[in-house]
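**Q** This is the content of entry-v6.csv (CSV, C-alpha atoms):
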```
chain,number,residue,atom,x,y,z
A,1,LEU,CA,-6.7,-26.3,-12.9
A,2,LEU,CA,-8.9,-26.1,-9.8
A,3,GLU,CA,-7.1,-29.0,-8.2
A,4,ASN,CA,-3.8,-27.1,-8.4
A,5,MET,CA,-5.0,-23.7,-7.2
A,6,ALA,CA,-3.7,-22.3,-3.9
A,7,ASP,CA,-7.2,-21.3,-2.9
A,8,ALA,CA,-9.3,-23.9,-1.1
A,9,ILE,CA,-12.2,-24.8,-3.4
A,10,SER,CA,-15.2,-27.2,-2.9
A,11,VAL,CA,-18.5,-27.9,-4.5
A,12,PHE,CA,-21.4,-28.7,-2.2
A,13,ALA,CA,-24.8,-30.4,-2.8
A,14,PRO,CA,-28.0,-28.6,-1.8
A,15,ALA,CA,-27.9,-30.6,1.4
A,16,PHE,CA,-24.6,-28.8,2.2
A,17,THR,CA,-22.4,-31.9,2.1
A,18,PRO,CA,-19.2,-31.7,-0.1
A,19,MET,CA,-19.4,-33.4,-3.5
A,20,TRP,CA,-15.9,-32.3,-4.6
A,21,PHE,CA,-13.0,-30.4,-3.2
A,22,ASN,CA,-9.4,-29.8,-4.1
A,23,THR,CA,-6.3,-30.6,-2.1
A,24,ALA,CA,-6.0,-27.1,-0.6
A,25,TRP,CA,-9.5,-27.3,0.8
A,26,ALA,CA,-8.9,-30.7,2.4
A,27,GLU,CA,-5.6,-29.5,3.9
A,28,MET,CA,-7.1,-26.3,5.2
A,29,PHE,CA,-9.9,-28.0,7.0
A,30,ARG,CA,-7.6,-30.7,8.4
A,31,GLU,CA,-5.3,-27.9,9.8
A,32,LEU,CA,-8.2,-25.8,11.2
A,33,PHE,CA,-10.7,-28.4,12.3
A,34,GLY,CA,-8.8,-31.6,12.7
A,35,VAL,CA,-11.1,-33.3,10.3
A,36,ASP,CA,-10.1,-35.5,7.4
A,37,VAL,CA,-12.9,-34.6,5.0
A,38,ARG,CA,-11.6,-37.2,2.5
A,39,SER,CA,-12.9,-39.9,4.8
A,40,VAL,CA,-15.6,-38.5,7.0
A,41,GLY,CA,-16.8,-35.4,5.2
A,42,LEU,CA,-17.8,-32.2,6.9
A,43,PRO,CA,-21.5,-32.4,7.7
A,44,ALA,CA,-23.7,-29.4,8.3
A,45,ASP,CA,-23.9,-29.9,12.0
A,46,ARG,CA,-20.1,-29.5,12.2
A,47,LEU,CA,-20.2,-26.3,10.2
A,48,GLN,CA,-23.0,-25.0,12.5
A,49,ALA,CA,-20.8,-25.8,15.5
A,50,GLU,CA,-17.8,-24.1,14.0
A,51,PHE,CA,-19.3,-21.0,12.6
A,52,GLY,CA,-22.2,-20.3,15.0
A,53,ASP,CA,-24.5,-17.6,13.9
A,54,ILE,CA,-22.7,-17.0,10.6
A,55,PHE,CA,-23.7,-20.4,9.2
A,56,PRO,CA,-27.5,-19.9,9.2
A,57,THR,CA,-27.0,-16.5,7.5
A,58,ALA,CA,-24.8,-18.1,4.8
A,59,ILE,CA,-27.3,-20.9,4.2
A,60,GLY,CA,-30.2,-18.4,3.9
A,61,GLN,CA,-28.4,-16.2,1.3
A,62,ILE,CA,-27.1,-19.3,-0.6
A,63,ARG,CA,-30.7,-20.7,-0.9
A,64,ALA,CA,-31.9,-17.3,-2.1
A,65,GLY,CA,-29.3,-17.5,-4.9
A,66,GLU,CA,-27.1,-14.7,-3.5
A,67,GLN,CA,-23.3,-14.8,-3.4
A,68,PHE,CA,-22.1,-14.4,0.1
A,69,THR,CA,-18.6,-13.6,1.5
A,70,ILE,CA,-17.5,-13.8,5.1
A,71,GLU,CA,-14.2,-13.3,7.0
A,72,TRP,CA,-13.4,-15.5,9.9
A,73,TRP,CA,-10.6,-16.3,12.2
A,74,LYS,CA,-9.5,-19.6,13.8
A,75,ASP,CA,-6.4,-21.0,15.5
A,76,ASP,CA,-4.8,-23.8,13.5
A,77,SER,CA,-3.4,-27.0,15.1
A,78,GLU,CA,-0.2,-25.2,16.1
A,79,GLY,CA,-2.1,-22.4,17.8
A,80,ARG,CA,-1.4,-19.9,15.1
A,81,PRO,CA,-4.3,-17.5,14.3
A,82,ARG,CA,-5.5,-17.9,10.7
A,83,HIS,CA,-7.5,-15.3,8.8
A,84,ILE,CA,-9.8,-16.8,6.1
A,85,VAL,CA,-12.0,-15.1,3.6
A,86,THR,CA,-14.7,-17.4,2.2
A,87,THR,CA,-17.0,-16.7,-0.7
A,88,PHE,CA,-20.1,-18.9,-1.4
A,89,VAL,CA,-21.3,-19.0,-5.0
A,90,PRO,CA,-24.7,-20.6,-5.5
A,91,ALA,CA,-25.8,-22.5,-8.6
A,92,MET,CA,-29.5,-22.1,-9.4
A,93,GLU,CA,-31.7,-23.9,-11.8
A,94,ASP,CA,-35.3,-22.8,-12.4
A,95,GLY,CA,-35.1,-20.9,-9.1
A,96,GLN,CA,-34.0,-23.9,-7.2
A,97,LEU,CA,-30.6,-24.4,-5.5
A,98,VAL,CA,-28.8,-27.3,-7.2
A,99,GLY,CA,-25.5,-26.7,-5.4
A,100,TYR,CA,-22.9,-24.2,-4.6
A,101,ALA,CA,-19.1,-23.6,-4.6
A,102,SER,CA,-17.1,-22.3,-1.7
A,103,ILE,CA,-13.8,-20.6,-2.2
A,104,HIS,CA,-11.6,-20.1,0.8
A,105,ARG,CA,-8.5,-17.8,0.7
A,106,ASP,CA,-6.0,-17.8,3.5
A,107,MET,CA,-5.3,-14.1,4.1
A,108,THR,CA,-3.0,-14.8,7.2
A,109,VAL,CA,0.3,-13.9,5.5
A,110,GLN,CA,-1.1,-10.9,3.7
A,111,ARG,CA,-2.7,-9.6,7.0
A,112,GLU,CA,0.6,-10.1,8.8
A,113,THR,CA,2.5,-8.3,6.0
A,114,ASP,CA,-0.1,-5.5,6.2
A,115,GLN,CA,0.4,-5.2,9.9
A,116,ARG,CA,4.2,-5.1,9.6
A,117,LEU,CA,3.8,-2.3,7.0
A,118,ARG,CA,1.5,-0.4,9.4
A,119,ASP,CA,4.1,-0.8,12.1
A,120,SER,CA,6.8,0.3,9.7
A,121,LEU,CA,4.8,3.4,8.8
A,122,ARG,CA,4.2,4.3,12.4
A,123,THR,CA,8.0,3.9,13.1
A,124,THR,CA,8.7,6.0,10.0
A,125,ASP,CA,6.2,8.7,11.2
A,126,ASP,CA,8.0,8.8,14.6
A,127,ILE,CA,11.3,9.3,12.8
A,128,THR,CA,9.8,11.9,10.6
A,129,ARG,CA,8.5,14.0,13.5
A,130,SER,CA,11.8,13.8,15.5
A,131,THR,CA,14.5,14.3,12.9
A,132,PRO,CA,16.1,17.8,13.0
A,133,SER,CA,16.3,17.9,9.2
A,134,GLY,CA,13.3,19.0,7.2
A,135,LEU,CA,11.4,16.1,5.8
A,136,PHE,CA,8.4,16.1,3.5
A,137,VAL,CA,6.7,12.8,2.5
A,138,TYR,CA,5.0,12.6,-0.8
A,139,ARG,CA,2.7,9.9,-2.2
A,140,TYR,CA,3.7,8.6,-5.7
A,141,GLN,CA,1.0,8.0,-8.2
A,142,GLU,CA,1.9,6.6,-11.6
A,143,PRO,CA,3.1,7.8,-13.9
A,144,ASP,CA,4.2,11.3,-12.8
A,145,GLY,CA,2.3,12.3,-9.7
A,146,LEU,CA,3.8,13.4,-6.3
A,147,PHE,CA,1.3,14.5,-3.7
A,148,LEU,CA,2.1,15.9,-0.2
A,149,LEU,CA,1.3,13.5,2.7
A,150,SER,CA,3.1,15.1,5.6
A,151,GLY,CA,5.9,17.4,6.7
A,152,ASN,CA,7.7,17.3,10.0
A,153,PRO,CA,8.0,20.3,12.4
A,154,SER,CA,11.5,21.0,11.0
A,155,ALA,CA,10.2,21.2,7.5
A,156,ARG,CA,7.6,23.7,8.5
A,157,ARG,CA,10.2,25.8,10.4
A,158,LEU,CA,12.8,25.7,7.6
A,159,THR,CA,10.4,26.5,4.7
A,160,GLY,CA,7.6,28.5,6.5
A,161,LEU,CA,5.1,26.3,4.6
A,162,ASP,CA,1.7,25.7,6.1
A,163,VAL,CA,1.8,22.0,5.5
A,164,ASP,CA,-1.8,21.4,6.5
A,165,ALA,CA,-3.0,23.8,3.9
A,166,TYR,CA,-1.1,22.0,1.1
A,167,LEU,CA,-1.8,18.3,2.1
A,168,GLY,CA,-2.8,16.5,-1.1
A,169,CYS,CA,-1.4,19.1,-3.4
A,170,SER,CA,1.1,18.1,-6.1
A,171,PHE,CA,4.8,18.7,-5.7
A,172,ASP,CA,4.8,21.1,-8.7
A,173,GLU,CA,1.9,23.0,-7.3
A,174,ILE,CA,3.7,23.6,-4.0
A,175,TRP,CA,7.1,24.2,-5.6
A,176,PRO,CA,6.4,25.6,-9.0
A,177,GLU,CA,10.0,26.4,-9.9
A,178,ALA,CA,11.3,22.9,-9.2
A,179,SER,CA,10.4,21.4,-12.5
A,180,LYS,CA,12.4,24.0,-14.4
A,181,SER,CA,15.6,22.8,-12.7
A,182,GLY,CA,14.8,19.2,-13.2
A,183,LEU,CA,14.2,18.5,-9.5
A,184,THR,CA,10.7,17.1,-10.0
A,185,GLU,CA,11.9,14.5,-12.5
A,186,CYS,CA,14.7,13.5,-10.2
A,187,LEU,CA,12.2,12.8,-7.4
A,188,LEU,CA,9.9,10.9,-9.7
A,189,GLU,CA,12.9,8.7,-10.7
A,190,VAL,CA,13.4,7.9,-7.0
A,191,ALA,CA,9.8,6.7,-6.8
A,192,ARG,CA,10.1,4.6,-9.9
A,193,SER,CA,13.6,3.1,-9.5
A,194,GLY,CA,14.2,3.2,-5.7
A,195,GLU,CA,17.6,4.9,-6.3
A,196,VAL,CA,18.5,7.5,-3.7
A,197,PHE,CA,18.9,11.1,-5.1
A,198,GLU,CA,21.3,13.5,-3.4
A,199,THR,CA,22.5,17.0,-4.2
A,200,GLU,CA,24.9,19.0,-2.1
A,201,GLU,CA,23.6,22.4,-3.2
A,202,TYR,CA,20.2,23.2,-4.7
A,203,ALA,CA,19.2,26.9,-5.0
A,204,TYR,CA,15.5,27.6,-5.0
A,205,GLN,CA,13.5,30.8,-5.3
A,206,ASP,CA,9.8,31.5,-5.6
A,207,ASP,CA,7.3,33.8,-3.8
A,208,LYS,CA,7.2,31.5,-0.8
A,209,LEU,CA,10.8,30.4,-0.4
A,210,THR,CA,14.3,31.5,-1.2
A,211,GLY,CA,17.3,29.6,-0.2
A,212,VAL,CA,20.0,27.0,-0.8
A,213,PHE,CA,19.4,23.4,0.3
A,214,GLN,CA,21.1,20.1,0.7
A,215,ILE,CA,18.6,17.5,-0.5
A,216,THR,CA,18.4,13.7,-0.1
A,217,ALA,CA,15.4,11.9,-1.5
A,218,PHE,CA,14.6,8.2,-1.0
A,219,ARG,CA,11.8,5.7,-1.5
A,220,MET,CA,9.6,4.7,1.5
A,221,PRO,CA,7.1,1.9,2.0
A,222,GLY,CA,3.6,2.3,0.7
A,223,SER,CA,4.3,4.1,-2.7
A,224,ARG,CA,5.9,7.1,-0.9
A,225,ILE,CA,9.1,9.0,-1.1
A,226,GLY,CA,10.8,11.1,1.6
A,227,VAL,CA,12.6,14.3,0.7
A,228,ALA,CA,15.0,15.3,3.5
A,229,PHE,CA,16.7,18.6,3.3
A,230,VAL,CA,19.0,21.0,5.3
A,231,ASP,CA,18.9,24.7,4.8
A,232,ILE,CA,22.5,25.7,4.0
A,233,THR,CA,21.7,29.3,2.9
A,234,ALA,CA,23.5,30.9,5.9
A,235,ARG,CA,26.5,28.7,5.3
A,236,LYS,CA,26.7,29.5,1.6
A,237,GLN,CA,26.3,33.2,2.4
A,238,ALA,CA,29.2,33.0,4.9
A,239,GLU,CA,31.3,31.1,2.4
A,240,ARG,CA,30.6,33.8,-0.2
A,241,ALA,CA,31.5,36.5,2.2
A,242,ARG,CA,34.7,34.8,3.1
A,243,THR,CA,35.6,34.3,-0.5
A,244,GLU,CA,34.9,38.0,-1.2
A,245,LEU,CA,37.1,39.0,1.8
A,246,GLU,CA,39.9,36.8,0.6
A,247,HIS,CA,39.6,38.4,-2.8
A,248,GLN,CA,39.7,41.9,-1.2
A,249,LEU,CA,42.8,40.9,0.9
A,250,GLN,CA,44.5,39.5,-2.2
A,251,HIS,CA,43.7,42.7,-4.1
A,252,GLY,CA,45.0,44.8,-1.2
A,253,GLN,CA,48.2,42.7,-1.0
A,254,LYS,CA,48.7,43.2,-4.8
A,255,LEU,CA,48.2,47.0,-4.4
A,256,GLU,CA,50.7,47.0,-1.5
A,257,SER,CA,53.2,45.0,-3.6
A,258,LEU,CA,52.8,47.4,-6.5
A,259,GLY,CA,53.3,50.3,-4.1
A,260,LEU,CA,56.5,48.8,-2.7
A,261,LEU,CA,57.6,48.1,-6.3
A,262,ALA,CA,56.9,51.6,-7.4
A,263,GLY,CA,58.7,53.0,-4.3
A,264,GLY,CA,61.7,50.9,-5.1
A,265,ILE,CA,61.8,52.0,-8.7
A,266,ALA,CA,61.5,55.7,-7.7
A,267,HIS,CA,64.3,55.3,-5.2
A,268,ASP,CA,66.5,53.7,-7.8
A,269,PHE,CA,65.6,56.4,-10.3
A,270,MET,CA,66.5,59.2,-7.8
A,271,THR,CA,69.8,57.5,-7.0
A,272,TYR,CA,70.6,57.3,-10.7
A,273,LEU,CA,69.8,61.0,-11.1
A,274,ASN,CA,72.0,62.0,-8.2
```
What does the file become when written as structure tokens?
**A**
Amino acid sequence: LLENMADAISVFAPAFTPMWFNTAWAEMFRELFGVDVRSVGLPADRLQAEFGDIFPTAIGQIRAGEQFTIEWWKDDSEGRPRHIVTTFVPAMEDGQLVGYASIHRDMTVQRETDQRLRDSLRTTDDITRSTPSGLFVYRYQEPDGLFLLSGNPSARRLTGLDVDAYLGCSFDEIWPEASKSGLTECLLEVARSGEVFETEEYAYQDDKLTGVFQITAFRMPGSRIGVAFVDITARKQAERARTELEHQLQHGQKLESLGLLAGGIAHDFMTYLN
């Protein structure tokens, strides 16, 4: 089992010379130090040269029977920086060190992924601040939590919400009427499934906000969702006003037609009487 693990694992004697190691350990030290530990080993003086001040500290804690973890960086044979986390686990018997295990985990890929995520988040934040649409960002917490992380200037302007005062508050706490219409559950489904949610017309009213909005919600990196929206209240009011005017015009045209019809009938009736 240990031989086939991805982590580099070795067992050292009290003299700090390797007694056993798996393939991953041998390959890692060959790539990092150019040493074939299968044939020449990795003596303490070489460790001292490679790790400098860290090595004496590690030895001191190991001899005291204390587990010790360090993070270190080194360029491999191709010049690529490698980030390694190493844990030393001592084995004690009657207060004496009889050996220890070292477990090395290559964190390079994870750190690079984390950095890309941070870069992505910075890019996302730049977009969030500059978009003319309102945009709130919520953190999703399983199973049904949405908590406000940020809001861009347009979101503050369109809703009048003091975003800073509500940071960390739940979606339903900020927008108490949303759950009644099913909006909260729709946003939770975005976080769970990654499917985009869109609605062309959503009417909302509470003591903080009244209006009609076009909403698009989407999942973002880092267990977050974005809720972008456009205030279409004025447009909907204009559409209603136009519809009412059209109805009035149609009603007026009907009355005019009835008047003409009535006038025609009266004219015919008077002609008949004459």
**Q** Choose the residue, out of A:His247, A:Lys180, A:Lys74, A:Arg30, that has the smallest atom-to-atom separation from Gln205 in chain A; count all atoms listed in the file.
**A**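 Comparing A:His247, A:Lys180, A:Lys74, A:Arg30 against Gln205 in chain A, the winner is A:Lys180.
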**Q** For Glu78 in chain A, which of A:Lys236, A:Leu32, A:Thr184, A:Glu93 is the closest residue, counting all atoms listed in the file?
**A** A:Leu32
**Q** Find the spatial neighbours of Thr159 in chain A, counting all atoms listed in the file, within a cut-off of 10 Å - ignore same-chain residues fewer than 6 positions away - and output them as a ChimeraX atom specification.
**A** /A:134,208-211,231
**Q** If you count only C-alpha atoms, which residues fall within 10 Å of range 102-107 of chain A, apart from same-chain ones fewer than 6 positions away, as a ChimeraX atom specification?
**A** /A:6-12,18,21,24-25,28,67-71,73,82-90,113
**Q** Would you pick out the contacts of range 219-225 of chain A at 7 Å or less, using all atoms listed in the file, so that residues sharing its chain but fewer than 6 positions from it are not included, and give the list as JSON, numbers by chain?
**A** {"A": [137, 138, 139, 140, 190, 191, 194]}
**Q** Tell me which of A:Leu148, A:Glu177, A:Asp36, A:Met92 sits closest to Asp207 in chain A, counting only C-alpha atoms.
**A**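 Ranking A:Leu148, A:Glu177, A:Asp36, A:Met92 by distance to Asp207 in chain A, first place goes to A:Glu177.
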**Q** Which is closer to Thr216 in chain A than all the others in A:Ser133, A:Ala58, A:Glu173, A:Leu149, using all atoms listed in the file?
**A**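 The closest residue to Thr216 in chain A is A:Ser133.
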**Q** At what distance in Å, to one decimal, does CA of Asp162 in chain A lie from CA of Glu198 in chain A?
**A**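 If I compute the distance from CA of Glu198 in chain A to CA of Asp162 in chain A, I get 25.0 Å.
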**Q** Could range 220-251 of chain A be completed with N, CA and C atoms and returned as a PDB file, in the coordinates of the input?
**A**
```pdb
ATOM      1  N   MET A 220      10.140   5.181   0.182  1.00  0.00           N
ATOM      2  CA  MET A 220       9.600   4.700   1.500  1.00  0.00           C
ATOM      3  C   MET A 220       8.556   3.630   1.179  1.00  0.00           C
ATOM      4  N   PRO A 221       8.170   2.851   2.200  1.00  0.00           N
ATOM      5  CA  PRO A 221       7.100   1.900   2.000  1.00  0.00           C
ATOM      6  C   PRO A 221       5.784   2.555   1.642  1.00  0.00           C
ATOM      7  N   GLY A 222       4.939   1.815   0.950  1.00  0.00           N
ATOM      8  CA  GLY A 222       3.600   2.300   0.700  1.00  0.00           C
ATOM      9  C   GLY A 222       3.543   3.361  -0.428  1.00  0.00           C
ATOM     10  N   SER A 223       4.350   3.194  -1.501  1.00  0.00           N
ATOM     11  CA  SER A 223       4.300   4.100  -2.700  1.00  0.00           C
ATOM     12  C   SER A 223       4.568   5.558  -2.217  1.00  0.00           C
ATOM     13  N   ARG A 224       5.552   5.740  -1.360  1.00  0.00           N
ATOM     14  CA  ARG A 224       5.900   7.100  -0.900  1.00  0.00           C
ATOM     15  C   ARG A 224       7.355   7.360  -1.077  1.00  0.00           C
ATOM     16  N   ILE A 225       7.688   8.617  -1.115  1.00  0.00           N
ATOM     17  CA  ILE A 225       9.100   9.000  -1.100  1.00  0.00           C
ATOM     18  C   ILE A 225       9.277  10.065   0.008  1.00  0.00           C
ATOM     19  N   GLY A 226      10.445  10.067   0.598  1.00  0.00           N
ATOM     20  CA  GLY A 226      10.800  11.100   1.600  1.00  0.00           C
ATOM     21  C   GLY A 226      11.806  12.042   0.960  1.00  0.00           C
ATOM     22  N   VAL A 227      11.630  13.304   1.205  1.00  0.00           N
ATOM     23  CA  VAL A 227      12.600  14.300   0.700  1.00  0.00           C
ATOM     24  C   VAL A 227      13.097  15.057   1.954  1.00  0.00           C
ATOM     25  N   ALA A 228      14.308  14.690   2.344  1.00  0.00           N
ATOM     26  CA  ALA A 228      15.000  15.300   3.500  1.00  0.00           C
ATOM     27  C   ALA A 228      15.855  16.438   3.020  1.00  0.00           C
ATOM     28  N   PHE A 229      15.914  17.492   3.794  1.00  0.00           N
ATOM     29  CA  PHE A 229      16.700  18.600   3.300  1.00  0.00           C
ATOM     30  C   PHE A 229      17.228  19.420   4.538  1.00  0.00           C
ATOM     31  N   VAL A 230      18.339  20.096   4.287  1.00  0.00           N
ATOM     32  CA  VAL A 230      19.000  21.000   5.300  1.00  0.00           C
ATOM     33  C   VAL A 230      19.134  22.344   4.616  1.00  0.00           C
ATOM     34  N   ASP A 231      18.752  23.373   5.321  1.00  0.00           N
ATOM     35  CA  ASP A 231      18.900  24.700   4.800  1.00  0.00           C
ATOM     36  C   ASP A 231      20.357  25.168   5.023  1.00  0.00           C
ATOM     37  N   ILE A 232      21.089  25.322   3.926  1.00  0.00           N
ATOM     38  CA  ILE A 232      22.500  25.700   4.000  1.00  0.00           C
ATOM     39  C   ILE A 232      22.685  27.155   3.502  1.00  0.00           C
ATOM     40  N   THR A 233      21.593  27.904   3.467  1.00  0.00           N
ATOM     41  CA  THR A 233      21.700  29.300   2.900  1.00  0.00           C
ATOM     42  C   THR A 233      22.666  30.115   3.731  1.00  0.00           C
ATOM     43  N   ALA A 234      22.577  30.097   5.051  1.00  0.00           N
ATOM     44  CA  ALA A 234      23.500  30.900   5.900  1.00  0.00           C
ATOM     45  C   ALA A 234      24.928  30.478   5.655  1.00  0.00           C
ATOM     46  N   ARG A 235      25.148  29.161   5.550  1.00  0.00           N
ATOM     47  CA  ARG A 235      26.500  28.700   5.300  1.00  0.00           C
ATOM     48  C   ARG A 235      27.052  29.138   3.994  1.00  0.00           C
ATOM     49  N   LYS A 236      26.215  29.082   2.959  1.00  0.00           N
ATOM     50  CA  LYS A 236      26.700  29.500   1.600  1.00  0.00           C
ATOM     51  C   LYS A 236      26.920  31.014   1.620  1.00  0.00           C
ATOM     52  N   GLN A 237      26.097  31.775   2.324  1.00  0.00           N
ATOM     53  CA  GLN A 237      26.300  33.200   2.400  1.00  0.00           C
ATOM     54  C   GLN A 237      27.642  33.514   3.117  1.00  0.00           C
ATOM     55  N   ALA A 238      27.920  32.777   4.188  1.00  0.00           N
ATOM     56  CA  ALA A 238      29.200  33.000   4.900  1.00  0.00           C
ATOM     57  C   ALA A 238      30.364  32.579   4.035  1.00  0.00           C
ATOM     58  N   GLU A 239      30.212  31.509   3.257  1.00  0.00           N
ATOM     59  CA  GLU A 239      31.300  31.100   2.400  1.00  0.00           C
ATOM     60  C   GLU A 239      31.554  32.160   1.299  1.00  0.00           C
ATOM     61  N   ARG A 240      30.462  32.724   0.766  1.00  0.00           N
ATOM     62  CA  ARG A 240      30.600  33.800  -0.200  1.00  0.00           C
ATOM     63  C   ARG A 240      31.292  35.014   0.379  1.00  0.00           C
ATOM     64  N   ALA A 241      30.858  35.366   1.584  1.00  0.00           N
ATOM     65  CA  ALA A 241      31.500  36.500   2.200  1.00  0.00           C
ATOM     66  C   ALA A 241      32.941  36.291   2.499  1.00  0.00           C
ATOM     67  N   ARG A 242      33.305  35.103   2.913  1.00  0.00           N
ATOM     68  CA  ARG A 242      34.700  34.800   3.100  1.00  0.00           C
ATOM     69  C   ARG A 242      35.505  34.830   1.859  1.00  0.00           C
ATOM     70  N   THR A 243      34.910  34.321   0.784  1.00  0.00           N
ATOM     71  CA  THR A 243      35.600  34.300  -0.500  1.00  0.00           C
ATOM     72  C   THR A 243      35.821  35.780  -0.971  1.00  0.00           C
ATOM     73  N   GLU A 244      34.775  36.614  -0.801  1.00  0.00           N
ATOM     74  CA  GLU A 244      34.900  38.000  -1.200  1.00  0.00           C
ATOM     75  C   GLU A 244      35.992  38.710  -0.363  1.00  0.00           C
ATOM     76  N   LEU A 245      36.038  38.413   0.932  1.00  0.00           N
ATOM     77  CA  LEU A 245      37.100  39.000   1.800  1.00  0.00           C
ATOM     78  C   LEU A 245      38.447  38.564   1.374  1.00  0.00           C
ATOM     79  N   GLU A 246      38.574  37.281   1.034  1.00  0.00           N
ATOM     80  CA  GLU A 246      39.900  36.800   0.600  1.00  0.00           C
ATOM     81  C   GLU A 246      40.289  37.495  -0.702  1.00  0.00           C
ATOM     82  N   HIS A 247      39.326  37.713  -1.602  1.00  0.00           N
ATOM     83  CA  HIS A 247      39.600  38.400  -2.800  1.00  0.00           C
ATOM     84  C   HIS A 247      40.086  39.852  -2.536  1.00  0.00           C
ATOM     85  N   GLN A 248      39.372  40.492  -1.588  1.00  0.00           N
ATOM     86  CA  GLN A 248      39.700  41.900  -1.200  1.00  0.00           C
ATOM     87  C   GLN A 248      41.134  41.915  -0.616  1.00  0.00           C
ATOM     88  N   LEU A 249      41.423  40.946   0.261  1.00  0.00           N
ATOM     89  CA  LEU A 249      42.800  40.900   0.900  1.00  0.00           C
ATOM     90  C   LEU A 249      43.824  40.684  -0.169  1.00  0.00           C
ATOM     91  N   GLN A 250      43.531  39.744  -1.097  1.00  0.00           N
ATOM     92  CA  GLN A 250      44.500  39.500  -2.200  1.00  0.00           C
ATOM     93  C   GLN A 250      44.701  40.725  -3.014  1.00  0.00           C
ATOM     94  N   HIS A 251      43.583  41.433  -3.296  1.00  0.00           N
ATOM     95  CA  HIS A 251      43.700  42.700  -4.100  1.00  0.00           C
ATOM     96  C   HIS A 251      44.499  43.713  -3.336  1.00  0.00           C
TER      97      HIS A 251
END
```
